[in-house]
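The structure under discussion appears below in the form of structure tokens.
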Amino acid sequence: MSPRFAPGDRVRVAEREVAGHVRTPLYIRGKPGVIERICGAFRNPEQLAYGEWDGPAVPLYRVRFQLGDVWPSAEATRDTLDVEIYEHWLSSEPFEHRLESKPA
Amino acid sequence: MTHHDLGHRDFEALEQAFREALIGRGVLTDADVNERAELMYSRTPALGARVVARAWFDPAFKARLLADGSAAVRELGIEVGSLRLVVVADEEKVHNLIVCTLCSCYPRMLLGIPPDWYKSIAYRSRAVREPRSVLVEFGLTLPDDVAVRVHDSTADMRYLVLPLRPAGTDELDEAACAALVSRDAMIGVALPRAPG
């Protein structure tokens, strides 16, 4: 499975609620961010936790969020938060919202 | 009852029951468990500090460390198993902080067993929400023009902070510099300090 996103791409985390062993924290669901790097491809923990060992490897990204986008009341809105998120939790954000600068 | 309501002794009982069941069924042996425990107890923050000091003294090593943390650490003869290490470097205007909000993911192969506070609900929930206030409580007040980058280890990566080399350490050799690098500095809740 080749990665769908590249560093610098604007993405949004899915809002969905799923039961089971999910590694996408609740606090980050629905939030917009930017792909910081591609970490590689890993088996999906949502399957691994239930003994499905032979599922496909899923691209994993580090996504960078502005703290102010995650918590409206953040102390310093320009501070950032990087979270590892599997591809099936991400969708593209429209191009015109692309940030000026890509993360290093 | 959620797992957050379980006390230390409940976990001990669970661990013991689980371990005995696995050994009873021949999945593991006592020797396997002991070997693993010994490996974990042999890992201390001194390993991480060696990596940090090497990066301070060797810019080419630092570049390789930031590009592929696990490969660079193996160059130093440190075996890290399946660890996928991401090293995040502090800069003059950037401070990094590590947390695992979902559980207690931690670069154990380089730092050993995490401190209890790292696993506390308070640290895990506050570090991603009010990192500056959390750092103040650790005794670290950052200037407003230093950006905080928090890293939540939610999946397969493990993180180590590469702090800046403190001023006033030009005369020190690499081993003496490594001695200045604490566990907390590699998590990002403290800074290395020059002696004296």
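Ordering of the structure tokens sets the chain letters (A, B, ...), residue numbers begin anew at 1 in every chain, and ligands are numbered from 1 in the order given.
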
Could I get the residues of range 8-42 of chain B with an atom no further than 10 Å from an atom of range 108-115 of chain B, each paired with its nearest atom pair and that distance in Å to one decimal, using only C-alpha atoms, sorted by chain and residue number, as CSV?
residue,atom,partner,partner_atom,distance
B:Leu39,CA,B:Met109,CA,8.7
B:Met40,CA,B:Gly112,CA,6.1
B:Tyr41,CA,B:Gly112,CA,6.7
B:Ser42,CA,B:Gly112,CA,7.5

Test item, alpha helix (DSSP H) assignment across chain A, answer as a list in words: Pro45, Glu46, Gln47, Leu48, Leu67, Gly68, Asp69 and Val70 of chain A

Quick one: everything within 7 Å of range 96-106 of chain B, counting only C-alpha atoms, minus sequence neighbours fewer than 6 positions away in the same chain. Send it as number ranges by chain. A: 25; B: 88, 90, 114, 119, 124-125, 127, 148-154, 158-159, 161, 187-189

So how many Å separate CA of Trp117 in chain B and CA of Arg64 in chain A, to one decimal?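 We find that CA of Trp117 in chain B and CA of Arg64 in chain A lie 25.1 Å from each other.
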
Residues within 12 Å of range 85-88 of chain A, only C-alpha atoms, excluding chain neighbours under 2 positions, as a PyMOL selection string: (chain A and resi 1-6+11-16+22-26+28-29+31+33-46+56-65+82-83+90-92) or (chain B and resi 152-157)

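Between CA of Ala17 in chain B and CA of Arg36 in chain B the interatomic distance comes to 17.8 Å.
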
Tell me which of B:Leu47, B:Val86, B:Leu76, B:Ala37 sits closest to Glu84 in chain A, counting only C-alpha atoms.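 Among B:Leu47, B:Val86, B:Leu76, B:Ala37, it is B:Val86 that comes nearest to Glu84 in chain A.
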
Nearest to Tyr27 in chain A: which of B:Arg129, B:Leu66, B:Arg9, B:Arg54 is it, counting only C-alpha atoms?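 Closest to Tyr27 in chain A of all the choices is B:Arg129.
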
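Closest approach to Glu91 in chain B among B:Asp32, B:Asp58, B:Ser133, B:Leu164 is made by B:Leu164 (distances from only C-alpha atoms).
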
Show me, as a VMD selection string, the residues that have an atom within 8 Å of range 174-185 of chain B when counting only C-alpha atoms, minus same-chain residues fewer than 2 positions from it. chain B and resid 45 to 46 48 to 50 52 to 54 57 111 161 163 169 172 187 to 195

As a JSON list (two decimals) with N, CA, C and O atoms, in the first residue's frame, please: all residues of chain A that backbone DSSP puts in strand (DSSP E or B).
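The result, stored in out.json:
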[["chain", "number", "residue", "atom", "x", "y", "z"],
["A", 10, "ARG", "N", -2.19, 18.92, 3.76],
["A", 10, "ARG", "CA", -3.20, 19.23, 4.78],
["A", 10, "ARG", "C", -4.16, 18.06, 4.89],
["A", 10, "ARG", "O", -4.66, 17.56, 3.88],
["A", 11, "VAL", "N", -4.43, 17.64, 6.10],
["A", 11, "VAL", "CA", -5.34, 16.50, 6.31],
["A", 11, "VAL", "C", -6.28, 16.81, 7.47],
["A", 11, "VAL", "O", -6.08, 17.79, 8.20],
["A", 12, "ARG", "N", -7.30, 15.98, 7.60],
["A", 12, "ARG", "CA", -8.18, 16.07, 8.77],
["A", 12, "ARG", "C", -8.41, 14.67, 9.31],
["A", 12, "ARG", "O", -8.56, 13.71, 8.54],
["A", 13, "VAL", "N", -8.44, 14.56, 10.63],
["A", 13, "VAL", "CA", -8.65, 13.26, 11.26],
["A", 13, "VAL", "C", -10.15, 12.96, 11.28],
["A", 13, "VAL", "O", -10.96, 13.86, 11.53],
["A", 32, "PRO", "N", -7.85, 19.41, 12.16],
["A", 32, "PRO", "CA", -7.03, 19.56, 10.96],
["A", 32, "PRO", "C", -5.55, 19.64, 11.31],
["A", 32, "PRO", "O", -5.17, 20.22, 12.33],
["A", 33, "GLY", "N", -4.72, 19.05, 10.45],
["A", 33, "GLY", "CA", -3.28, 19.09, 10.67],
["A", 33, "GLY", "C", -2.52, 18.98, 9.37],
["A", 33, "GLY", "O", -3.11, 19.02, 8.28],
["A", 34, "VAL", "N", -1.20, 18.86, 9.48],
["A", 34, "VAL", "CA", -0.33, 18.78, 8.31],
["A", 34, "VAL", "C", 0.57, 17.56, 8.47],
["A", 34, "VAL", "O", 1.08, 17.31, 9.57],
["A", 35, "ILE", "N", 0.75, 16.80, 7.38],
["A", 35, "ILE", "CA", 1.63, 15.63, 7.44],
["A", 35, "ILE", "C", 3.06, 16.09, 7.72],
["A", 35, "ILE", "O", 3.62, 16.90, 6.98],
["A", 36, "GLU", "N", 3.64, 15.59, 8.81],
["A", 36, "GLU", "CA", 5.02, 15.96, 9.16],
["A", 36, "GLU", "C", 5.99, 14.99, 8.53],
["A", 36, "GLU", "O", 7.03, 15.37, 8.01],
["A", 37, "ARG", "N", 5.70, 13.69, 8.58],
["A", 37, "ARG", "CA", 6.51, 12.69, 7.89],
["A", 37, "ARG", "C", 5.74, 11.38, 7.75],
["A", 37, "ARG", "O", 4.74, 11.17, 8.44],
["A", 38, "ILE", "N", 6.22, 10.56, 6.84],
["A", 38, "ILE", "CA", 5.68, 9.21, 6.69],
["A", 38, "ILE", "C", 6.56, 8.30, 7.54],
["A", 38, "ILE", "O", 7.78, 8.32, 7.41],
["A", 39, "CYS", "N", 5.95, 7.53, 8.43],
["A", 39, "CYS", "CA", 6.74, 6.69, 9.35],
["A", 39, "CYS", "C", 7.01, 5.31, 8.78],
["A", 39, "CYS", "O", 7.84, 4.58, 9.32],
["A", 40, "GLY", "N", 6.31, 4.93, 7.72],
["A", 40, "GLY", "CA", 6.43, 3.57, 7.19],
["A", 40, "GLY", "C", 5.04, 2.94, 7.19],
["A", 40, "GLY", "O", 4.04, 3.64, 7.32],
["A", 41, "ALA", "N", 5.01, 1.61, 7.02],
["A", 41, "ALA", "CA", 3.73, 0.92, 7.01],
["A", 41, "ALA", "C", 3.74, -0.15, 8.10],
["A", 41, "ALA", "O", 4.73, -0.87, 8.25],
["A", 42, "PHE", "N", 2.66, -0.22, 8.84],
["A", 42, "PHE", "CA", 2.58, -1.12, 10.00],
["A", 42, "PHE", "C", 1.23, -1.82, 10.00],
["A", 42, "PHE", "O", 0.25, -1.28, 9.52],
["A", 43, "ARG", "N", 1.21, -3.00, 10.59],
["A", 43, "ARG", "CA", -0.07, -3.71, 10.68],
["A", 43, "ARG", "C", -1.01, -2.92, 11.59],
["A", 43, "ARG", "O", -0.59, -2.29, 12.55],
["A", 57, "ALA", "N", -0.39, -4.10, 5.83],
["A", 57, "ALA", "CA", 0.30, -3.02, 6.54],
["A", 57, "ALA", "C", -0.30, -1.69, 6.07],
["A", 57, "ALA", "O", -0.59, -1.51, 4.89],
["A", 58, "VAL", "N", -0.50, -0.80, 7.01],
["A", 58, "VAL", "CA", -1.18, 0.47, 6.73],
["A", 58, "VAL", "C", -0.15, 1.60, 6.87],
["A", 58, "VAL", "O", 0.62, 1.62, 7.83],
["A", 59, "PRO", "N", -0.13, 2.56, 5.92],
["A", 59, "PRO", "CA", 0.79, 3.69, 6.10],
["A", 59, "PRO", "C", 0.50, 4.44, 7.40],
["A", 59, "PRO", "O", -0.66, 4.67, 7.74],
["A", 60, "LEU", "N", 1.58, 4.79, 8.08],
["A", 60, "LEU", "CA", 1.47, 5.54, 9.33],
["A", 60, "LEU", "C", 2.17, 6.88, 9.15],
["A", 60, "LEU", "O", 3.26, 6.94, 8.57],
["A", 61, "TYR", "N", 1.54, 7.93, 9.62],
["A", 61, "TYR", "CA", 2.08, 9.29, 9.49],
["A", 61, "TYR", "C", 2.25, 9.92, 10.86],
["A", 61, "TYR", "O", 1.55, 9.56, 11.80],
["A", 62, "ARG", "N", 3.17, 10.90, 10.90],
["A", 62, "ARG", "CA", 3.14, 11.85, 12.01],
["A", 62, "ARG", "C", 2.43, 13.09, 11.48],
["A", 62, "ARG", "O", 2.84, 13.64, 10.46],
["A", 63, "VAL", "N", 1.38, 13.48, 12.16],
["A", 63, "VAL", "CA", 0.61, 14.66, 11.74],
["A", 63, "VAL", "C", 0.83, 15.76, 12.77],
["A", 63, "VAL", "O", 0.76, 15.51, 13.98],
["A", 64, "ARG", "N", 1.14, 16.95, 12.25],
["A", 64, "ARG", "CA", 1.38, 18.09, 13.16],
["A", 64, "ARG", "C", 0.15, 18.98, 13.24],
["A", 64, "ARG", "O", -0.39, 19.39, 12.22],
["A", 65, "PHE", "N", -0.27, 19.24, 14.47],
["A", 65, "PHE", "CA", -1.44, 20.07, 14.72],
["A", 65, "PHE", "C", -0.99, 21.33, 15.45],
["A", 65, "PHE", "O", -0.07, 21.30, 16.27],
["A", 66, "GLN", "N", -1.68, 22.45, 15.16],
["A", 66, "GLN", "CA", -1.49, 23.65, 15.97],
["A", 66, "GLN", "C", -2.28, 23.45, 17.25],
["A", 66, "GLN", "O", -3.45, 23.03, 17.21],
["A", 80, "THR", "N", 2.82, 23.34, 18.98],
["A", 80, "THR", "CA", 2.32, 22.28, 18.11],
["A", 80, "THR", "C", 2.31, 20.94, 18.83],
["A", 80, "THR", "O", 2.96, 20.75, 19.87],
["A", 81, "LEU", "N", 1.57, 20.02, 18.23],
["A", 81, "LEU", "CA", 1.40, 18.68, 18.77],
["A", 81, "LEU", "C", 1.51, 17.71, 17.61],
["A", 81, "LEU", "O", 0.77, 17.84, 16.64],
["A", 82, "ASP", "N", 2.46, 16.78, 17.67],
["A", 82, "ASP", "CA", 2.61, 15.76, 16.63],
["A", 82, "ASP", "C", 2.01, 14.45, 17.15],
["A", 82, "ASP", "O", 2.32, 14.03, 18.26],
["A", 83, "VAL", "N", 1.18, 13.84, 16.32],
["A", 83, "VAL", "CA", 0.51, 12.60, 16.71],
["A", 83, "VAL", "C", 0.67, 11.59, 15.57],
["A", 83, "VAL", "O", 0.56, 11.96, 14.40],
["A", 84, "GLU", "N", 0.95, 10.31, 15.92],
["A", 84, "GLU", "CA", 1.03, 9.27, 14.88],
["A", 84, "GLU", "C", -0.39, 8.80, 14.55],
["A", 84, "GLU", "O", -1.13, 8.40, 15.45],
["A", 85, "ILE", "N", -0.71, 8.83, 13.27],
["A", 85, "ILE", "CA", -2.07, 8.46, 12.84],
["A", 85, "ILE", "C", -2.00, 7.58, 11.60],
["A", 85, "ILE", "O", -1.25, 7.88, 10.66],
["A", 86, "TYR", "N", -2.76, 6.49, 11.60],
["A", 86, "TYR", "CA", -2.81, 5.59, 10.44],
["A", 86, "TYR", "C", -3.66, 6.21, 9.34],
["A", 86, "TYR", "O", -4.61, 6.95, 9.61],
["A", 90, "LEU", "N", -7.38, 9.40, 8.03],
["A", 90, "LEU", "CA", -7.10, 10.73, 7.49],
["A", 90, "LEU", "C", -7.83, 10.97, 6.18],
["A", 90, "LEU", "O", -7.99, 10.06, 5.37],
["A", 91, "SER", "N", -8.27, 12.23, 5.98],
["A", 91, "SER", "CA", -8.78, 12.63, 4.67],
["A", 91, "SER", "C", -8.11, 13.95, 4.29],
["A", 91, "SER", "O", -7.59, 14.67, 5.15],
["A", 92, "SER", "N", -8.13, 14.25, 2.98],
["A", 92, "SER", "CA", -7.49, 15.48, 2.49],
["A", 92, "SER", "C", -8.31, 16.70, 2.90],
["A", 92, "SER", "O", -9.53, 16.64, 2.92]]
